[in-house]
Each structure stands twice: as structure tokens, then as C-alpha cells.
$ cat my_file09.cif   # mmCIF, C-alpha atoms
data_coords
loop_
_atom_site.label_atom_id
_atom_site.label_comp_id
_atom_site.auth_asym_id
_atom_site.auth_seq_id
_atom_site.Cartn_x
_atom_site.Cartn_y
_atom_site.Cartn_z
CA MET X 29 0.00 0.00 0.00
CA GLN X 30 1.28 3.47 -0.84
CA ILE X 31 1.36 6.47 1.47
CA ASP X 32 -2.07 7.93 1.92
CA ASP X 33 -3.44 10.29 -0.74
CA LEU X 34 -3.97 12.89 1.96
CA GLN X 35 -0.31 12.75 2.92
CA ALA X 36 0.65 13.14 -0.72
CA ARG X 37 -1.41 16.37 -0.84
CA LEU X 38 0.38 17.85 2.15
CA SER X 39 3.33 20.16 1.65
CA PRO X 40 5.44 22.27 4.00
CA GLU X 41 4.51 25.24 1.82
CA LEU X 42 0.77 24.92 2.49
CA PRO X 43 -0.49 27.91 4.53
CA TYR X 44 -2.19 25.70 7.13
CA PRO X 45 -0.79 25.11 10.60
CA ILE X 46 -2.40 21.70 10.91
CA ALA X 47 -4.32 19.04 8.97
CA CYS X 48 -6.69 16.51 10.56
CA HIS X 49 -7.22 13.09 9.04
CA VAL X 50 -9.60 10.45 10.46
CA ARG X 51 -10.18 7.11 8.77
CA ARG X 52 -10.65 3.38 9.27
CA TYR X 53 -7.98 0.92 8.18
CA GLU X 54 -8.86 -2.70 7.50
CA ALA X 55 -6.72 -5.39 9.09
CA GLY X 56 -3.35 -6.28 7.62
CA ILE X 57 -2.30 -2.97 6.07
CA ALA X 58 1.40 -2.10 6.05
CA ILE X 59 2.96 1.22 5.06
CA SER X 60 6.58 1.02 3.94
CA GLU X 61 9.24 3.20 5.54
CA HIS X 62 9.01 6.88 4.65
CA GLN X 63 9.64 10.27 6.19
CA SER X 64 7.65 13.48 5.99
CA PRO X 65 8.58 17.18 6.15
CA TRP X 66 5.85 17.72 8.77
CA GLY X 67 5.26 16.44 12.28
CA GLU X 68 2.64 13.74 12.93
CA LEU X 69 0.55 13.17 16.06
CA SER X 70 -1.45 9.96 15.76
CA PHE X 71 -3.80 8.07 18.05
CA ALA X 72 -6.26 5.20 17.73
CA LEU X 73 -9.95 5.54 18.50
CA ASN X 74 -10.16 1.75 18.37
CA GLY X 75 -7.48 -0.84 17.70
CA VAL X 76 -3.70 -0.70 17.85
CA MET X 77 -1.10 0.39 15.29
CA GLU X 78 2.43 -1.05 15.36
CA TYR X 79 5.14 1.42 14.33
CA MET X 80 8.83 1.15 13.58
CA ILE X 81 10.44 4.59 14.03
CA GLU X 82 14.13 4.98 13.28
CA GLY X 83 14.45 1.24 13.73
CA GLN X 84 12.76 1.27 17.15
CA PRO X 85 9.35 -0.40 17.74
CA TYR X 86 6.41 1.56 19.17
CA LEU X 87 2.77 0.71 19.84
CA SER X 88 0.00 3.22 19.23
CA PRO X 89 -2.98 2.10 21.34
CA PRO X 90 -6.19 4.00 22.16
CA GLN X 91 -5.97 7.01 24.52
CA TYR X 92 -2.29 7.74 23.83
CA GLY X 93 -0.87 9.98 21.12
CA LEU X 94 2.25 8.93 19.23
CA TRP X 95 4.39 11.92 18.21
CA ILE X 96 6.73 11.65 15.22
CA PRO X 97 8.80 14.81 14.54
CA PRO X 98 9.46 15.99 10.96
CA ASP X 99 11.96 14.08 8.78
CA ILE X 100 11.97 10.96 10.98
CA PRO X 101 11.89 7.62 9.06
CA HIS X 102 8.97 5.44 10.12
CA LYS X 103 6.61 2.71 8.96
CA TRP X 104 3.53 1.07 10.43
CA THR X 105 1.20 -1.90 10.25
CA ASN X 106 -2.02 -3.03 11.94
CA ARG X 107 -3.03 -6.63 12.67
CA SER X 108 -6.72 -5.82 13.13
CA GLU X 109 -9.13 -3.10 11.99
CA VAL X 110 -8.20 0.33 13.34
CA HIS X 111 -10.11 3.61 13.54
CA TYR X 112 -7.29 6.13 13.48
CA VAL X 113 -6.60 9.86 13.74
CA THR X 114 -3.50 11.61 12.42
CA LEU X 115 -2.75 15.30 12.80
CA TYR X 116 -0.11 16.73 10.46
CA LEU X 117 1.73 19.81 11.77
CA ALA X 118 3.74 22.23 9.65
CA LYS X 119 7.46 22.03 10.44
CA ASP X 120 7.75 25.60 11.68
CA ILE X 121 5.28 24.98 14.52
CA CYS X 122 7.02 21.80 15.74
CA ALA X 123 9.94 23.65 17.32
CA ASN X 124 8.57 23.58 20.86
CA ILE X 125 7.34 19.99 20.65
CA SER X 126 9.62 17.04 21.45
CA ALA X 127 12.43 16.58 18.94
CA LYS X 128 12.27 12.82 19.53
CA PRO X 129 9.44 10.32 18.92
CA CYS X 130 7.42 9.86 22.09
CA THR X 131 4.06 8.90 23.56
CA ALA X 132 1.83 11.75 24.77
CA THR X 133 -1.11 11.85 27.16
CA LEU X 134 -3.98 13.58 25.36
CA SER X 135 -6.34 15.85 27.28
CA ALA X 136 -10.12 15.72 27.03
CA LEU X 137 -10.00 19.18 25.40
CA PHE X 138 -7.59 17.95 22.73
CA ARG X 139 -9.79 14.96 21.91
CA ALA X 140 -12.95 17.10 21.89
CA ILE X 141 -11.51 19.48 19.28
CA VAL X 142 -10.35 16.57 17.11
CA ASN X 143 -13.82 15.05 17.42
CA ASP X 144 -15.37 18.38 16.41
CA PHE X 145 -13.13 18.59 13.33
CA SER X 146 -13.99 15.00 12.44
CA MET X 147 -17.75 15.51 12.81
CA ARG X 148 -17.60 18.60 10.57
CA ASP X 149 -15.13 16.98 8.15
CA VAL X 150 -12.56 19.71 8.75
CA ILE X 151 -9.26 18.56 7.24
CA TYR X 152 -7.67 22.00 7.03
CA PRO X 153 -8.90 24.72 9.45
CA GLU X 154 -9.70 27.72 7.28
CA THR X 155 -12.12 29.93 9.21
CA GLN X 156 -10.87 32.18 12.01
CA GLU X 157 -12.83 30.08 14.50
CA ASP X 158 -11.26 26.82 13.31
CA LEU X 159 -7.79 28.37 13.18
CA ARG X 160 -8.17 29.32 16.83
CA LEU X 161 -9.19 25.74 17.66
CA ALA X 162 -6.16 24.49 15.74
CA GLN X 163 -3.94 26.72 17.87
CA VAL X 164 -5.45 25.21 21.02
CA LEU X 165 -4.61 21.74 19.65
CA ILE X 166 -1.02 22.82 19.12
CA ASP X 167 -0.80 24.36 22.60
CA GLN X 168 -2.31 21.24 24.18
CA LEU X 169 0.23 19.05 22.39
CA ARG X 170 3.10 21.23 23.59
CA LEU X 171 1.83 20.97 27.18
CA ALA X 172 1.03 17.22 27.09
CA PRO X 173 2.95 14.91 29.45
CA THR X 174 5.23 12.67 27.37
CA TYR X 175 7.24 9.51 27.87
CA SER X 176 9.31 7.33 25.57
CA SER X 177 6.76 4.52 25.15
CA TYR X 178 4.08 3.40 27.58
CA LEU X 179 3.63 -0.07 26.05
CA PRO X 180 7.05 -0.84 24.53
CA TRP X 181 7.53 -3.33 21.70
CA THR X 182 10.49 -5.25 20.35
CA GLY X 183 11.94 -6.35 17.04
CA ASP X 184 12.98 -9.69 18.55
CA ALA X 185 10.94 -12.28 16.60
CA ALA X 186 10.24 -14.74 19.42
CA LEU X 187 9.37 -12.14 22.06
CA ALA X 188 7.29 -10.11 19.58
CA SER X 189 5.28 -13.24 18.69
CA LEU X 190 4.70 -13.95 22.38
CA LEU X 191 3.57 -10.38 23.05
CA SER X 192 1.29 -10.47 20.01
CA GLN X 193 -0.52 -13.50 21.43
CA LEU X 194 -0.96 -11.72 24.76
CA GLN X 195 -2.20 -8.63 22.94
CA GLN X 196 -4.91 -10.73 21.30
CA ASN X 197 -6.05 -11.96 24.73
CA PRO X 198 -5.15 -9.42 27.46
CA GLY X 199 -7.10 -11.43 30.03
CA ASP X 200 -4.83 -14.47 29.68
CA LYS X 201 -3.96 -15.97 33.07
CA HIS X 202 -1.10 -18.29 32.12
CA SER X 203 2.17 -17.87 34.01
CA ALA X 204 5.46 -16.61 32.67
CA SER X 205 6.82 -20.16 32.80
CA TYR X 206 3.95 -21.35 30.56
CA TRP X 207 4.68 -18.68 27.95
CA ALA X 208 8.42 -19.26 28.13
CA GLU X 209 7.99 -22.99 27.51
CA LYS X 210 5.53 -22.34 24.67
CA PHE X 211 8.14 -20.25 22.87
CA GLY X 212 11.07 -22.56 23.57
CA MET X 213 12.88 -20.63 26.28
CA THR X 214 13.35 -20.80 30.01
CA GLU X 215 11.35 -18.53 32.31
CA ARG X 216 14.59 -16.84 33.35
CA THR X 217 15.43 -16.09 29.71
CA LEU X 218 11.97 -14.66 29.07
CA LEU X 219 12.17 -12.39 32.11
CA ARG X 220 15.67 -11.25 31.18
CA HIS X 221 14.67 -10.52 27.56
CA CYS X 222 11.68 -8.47 28.69
CA GLN X 223 13.78 -6.33 30.99
CA LYS X 224 16.53 -5.89 28.40
CA LEU X 225 14.45 -5.42 25.22
CA LEU X 226 11.33 -3.74 26.63
CA GLY X 227 12.77 -1.91 29.61
CA VAL X 228 10.02 -3.28 31.88
CA SER X 229 9.34 -6.62 33.53
CA PHE X 230 7.10 -9.26 31.96
CA ASN X 231 4.41 -8.72 34.60
CA GLU X 232 4.60 -4.93 34.27
CA TRP X 233 4.14 -5.17 30.49
CA ARG X 234 1.09 -7.42 30.94
CA GLN X 235 -0.41 -5.02 33.45
CA ARG X 236 0.09 -2.08 31.11
CA LEU X 237 -1.56 -4.10 28.35
CA LYS X 238 -4.56 -4.67 30.61
CA LEU X 239 -4.76 -0.95 31.34
CA VAL X 240 -4.61 0.01 27.66
CA SER X 241 -7.26 -2.61 26.86
CA ALA X 242 -9.45 -1.42 29.72
CA MET X 243 -9.37 2.15 28.47
CA SER X 244 -10.46 1.03 25.01
CA LEU X 245 -13.34 -1.01 26.47
CA LEU X 246 -14.42 1.91 28.66
CA ASP X 247 -14.59 4.03 25.50
CA GLU X 248 -16.80 1.38 23.93
CA GLY X 249 -19.23 1.56 26.85
CA TRP X 250 -18.43 -1.71 28.62
CA SER X 251 -19.31 -1.90 32.30
CA VAL X 252 -16.55 -2.13 34.89
CA GLN X 253 -17.82 -5.58 35.89
CA HIS X 254 -17.61 -6.90 32.33
CA ILE X 255 -14.19 -5.34 31.75
CA SER X 256 -12.77 -6.87 34.92
CA ALA X 257 -14.01 -10.32 33.83
CA GLU X 258 -12.71 -9.85 30.27
CA LEU X 259 -9.26 -8.95 31.60
CA GLY X 260 -9.06 -11.90 33.96
CA TYR X 261 -9.63 -10.20 37.32
CA SER X 262 -11.36 -12.26 39.99
CA THR X 263 -13.43 -9.28 41.17
CA PRO X 264 -14.26 -5.78 39.88
CA SER X 265 -12.60 -4.33 42.99
CA ALA X 266 -9.27 -5.94 42.05
CA PHE X 267 -9.50 -4.38 38.60
CA ILE X 268 -10.46 -0.97 40.02
CA SER X 269 -7.53 -1.13 42.46
CA MET X 270 -5.08 -1.74 39.58
CA PHE X 271 -6.63 1.03 37.51
CA GLN X 272 -6.44 3.57 40.34
CA ARG X 273 -2.85 2.62 41.20
CA LEU X 274 -1.67 3.22 37.63
CA THR X 275 -3.80 6.24 36.75
CA GLY X 276 -4.76 7.97 39.98
CA MET X 277 -8.47 7.76 39.20
CA SER X 278 -11.30 5.25 39.03
CA PRO X 279 -12.42 3.73 35.70
CA GLU X 280 -15.73 5.61 35.91
CA ARG X 281 -14.02 8.92 36.50
CA MET X 282 -11.75 8.30 33.51
CA ARG X 283 -14.84 7.46 31.43
CA LYS X 284 -16.42 10.79 32.39
CA THR X 285 -13.35 13.00 32.01
CA GLY X 286 -11.69 11.24 29.07
CA TYR X 287 -8.25 12.11 30.47
CA MET X 288 -5.70 10.53 32.74
CA GLU X 289 -2.11 11.03 33.76
CA ILE X 290 -0.24 7.75 33.61
CA ARG X 291 1.89 7.14 36.65
CA GLN X 292 5.34 5.92 35.70
CA PRO X 293 6.91 3.15 37.78
#

$ encode --input "my_file09.cif" --output "C-alpha cells"
Amino acid sequence: MQIDDLQARLSPELPYPIACHVRRYEAGIAISEHQSPWGELSFALNGVMEYMIEGQPYLSPPQYGLWIPPDIPHKWTNRSEVHYVTLYLAKDICANISAKPCTATLSALFRAIVNDFSMRDVIYPETQEDLRLAQVLIDQLRLAPTYSSYLPWTGDAALASLLSQLQQNPGDKHSASYWAEKFGMTERTLLRHCQKLLGVSFNEWRQRLKLVSAMSLLDEGWSVQHISAELGYSTPSAFISMFQRLTGMSPERMRKTGYMEIRQP
């Protein structure tokens, strides 16, 4: 598949500070490596994108924005259907945004403006009112808390295959030793590879996966009780306790506000 027609229409000379693109991608699409003269802030409404940016793997799950500065080589693929948003920012307004790829926490205000643009099919803000909203988007992005990658990925074939299976079933309850044996390694090797290649422990990665999955299900309107069962928790209170520990708020509060600040370990 070639780079999107919308991307091909973009140019650093266009007199627009920002362009907003929302679309659905069917499963199994892969975009070959390319780089753009503009910055890109992308996030999933549903589903997960897998990126390779400057040779480093990133995941783009719901609720988190993935920032790619101008002129950075990247490619992406999706294993399942994805409803996806990408904002393209002119190079001259990227100066005060991170110069490195990173994951950003998106505020409720940011998402509301993007939703407004999507509902009105605003690709380029042209009116004075929409230009002011575009400036708020830019300001919100500059102020957003960032971190290298909340749910890190790896290019290691065996570990990536293992993580992909967990991603397809976040509620899996099998032990680390079970997964290590399934992929032909010892439990010690699995735990060491996770720490070395992902920068987090095996259990921490699984817990983050549950959190990302929970946020997507909350967006879809699932009840806390059903989410806790889907993610393998014995009781809703156990799920709520995990959610509050990692986010500082209850699942219902996050559902109402649409914003959270992820607590780093």
C-alpha cells in the first residue's frame, strides 16, 4: 500500500498550521518506511497500530498519542481493523514539541476538538474560528505529558510473537513459565529478555496491556464488571484497584473525564 493520498497532498509550503485526518484501516495494512517534512501526532480511537520509528518499535494504542517529529523515518502496520486519527503539523510549529518520537497523554480538550473537526469533516482549518481551535490543539500538544513509550515493543521475533498473542487476549492468566515454555525458552530467559528489550518486567508489560485494553473497552461503553471479567480479574474491585494505582483515578471517573495522567513506575 502506498502512502495515503492525503499525505501526498500535504506540503510544508501549504499555509495551514495543521491538517486533521480520520479514517478506518482494515486489518493487515502495512505502510513502507518513509519520512515526511511535517510532524505527525497519531492516536487510535479503536485498535492498535504497530510502528517502527528509526528502527525502534512503538505501539500506538487508544488514549495515547504517538508523536513523530518531521523528517523521521517510520513505517507502520495493523493486525486488526483500526479507527485512526493523524494530525499533520507544519514544520515551523514543531519547534517547541519534542524533537524525539514519544508517547503523549492527550487531554479531554484535545480529543474534543479533534472530534469536532472529524464531525464537521474539517481537514484544514480555514475559518478564524477553526484556526483558533487548531492553535489550542497545538498548545495542548506542547503541554502534554510525554514519555518514551508506555507499552514498549520489540523487534525480537520470538518475544514479539509472544507479546502479540498476549495482545490478542489481554485477560490471559497463564504464568510466565507457561509462555516461556511455549516459545522454547526458560522462564529466566523470558524475564531477562523483557527487561533488556522492553525496559520493563514481563508482569509490568502485561499489566500495562490490561490498562490500555481497559481504556479502550471503557470508551466502547463496557461496564466495569464486564471489563474486569474480560481482563481476567477475579473481582471488579481488584480491577479498580489496579486502575487507580496506575492512573490515579477510578475507571468511571476516567470514562467521564476522558483524560488521565499515567503514573510511571

$ closest_residue --input "my_file09.cif" --among "X:Ser88, X:Gln63, X:Ser265, X:Gln223" --to "Lys103 of chain X" --atoms "all atoms listed in the file"
X:Gln63

$ residues_around --input "my_file09.cif" --residues "His202 of chain X" --least-positions-apart "4" --cutoff "12 Å" --atoms "only C-alpha atoms" --output "list in words"
Gln193, Leu194, Asn197, Pro198, Tyr206, Trp207, Ala208, Glu209, Lys210, Asn231, Arg234 and Gly260 of chain X

$ atom_distance --input "my_file09.cif" --atom1 "atom CA of His254 of chain X" --atom2 "atom CA of Phe230 of chain X"
24.8 Å

$ closest_residue --input "my_file09.cif" --among "X:Ser269, X:Gln235, X:Ser108, X:Ser135" --to "Asp200 of chain X" --atoms "only C-alpha atoms"
X:Gln235

$ residues_around --input "my_file09.cif" --residues "segment 270-282 of chain X" --least-positions-apart "6" --cutoff "12 Å" --atoms "all atoms listed in the file" --output "ChimeraX atom specification"
/X:91,133,135-136,178,232,235-247,249-253,255-256,259,261,263-264,288-293

$ residues_around --input "my_file09.cif" --residues "Asp144 of chain X" --least-positions-apart "3" --cutoff "12 Å" --atoms "only C-alpha atoms" --output "VMD selection string"
chain X and resid 48 50 137 to 141 147 to 151 153 158 161 to 162 165

$ closest_residue --input "my_file09.cif" --among "X:Tyr92, X:Phe145, X:Phe71, X:Trp233" --to "Thr114 of chain X" --atoms "all atoms listed in the file"
X:Phe71
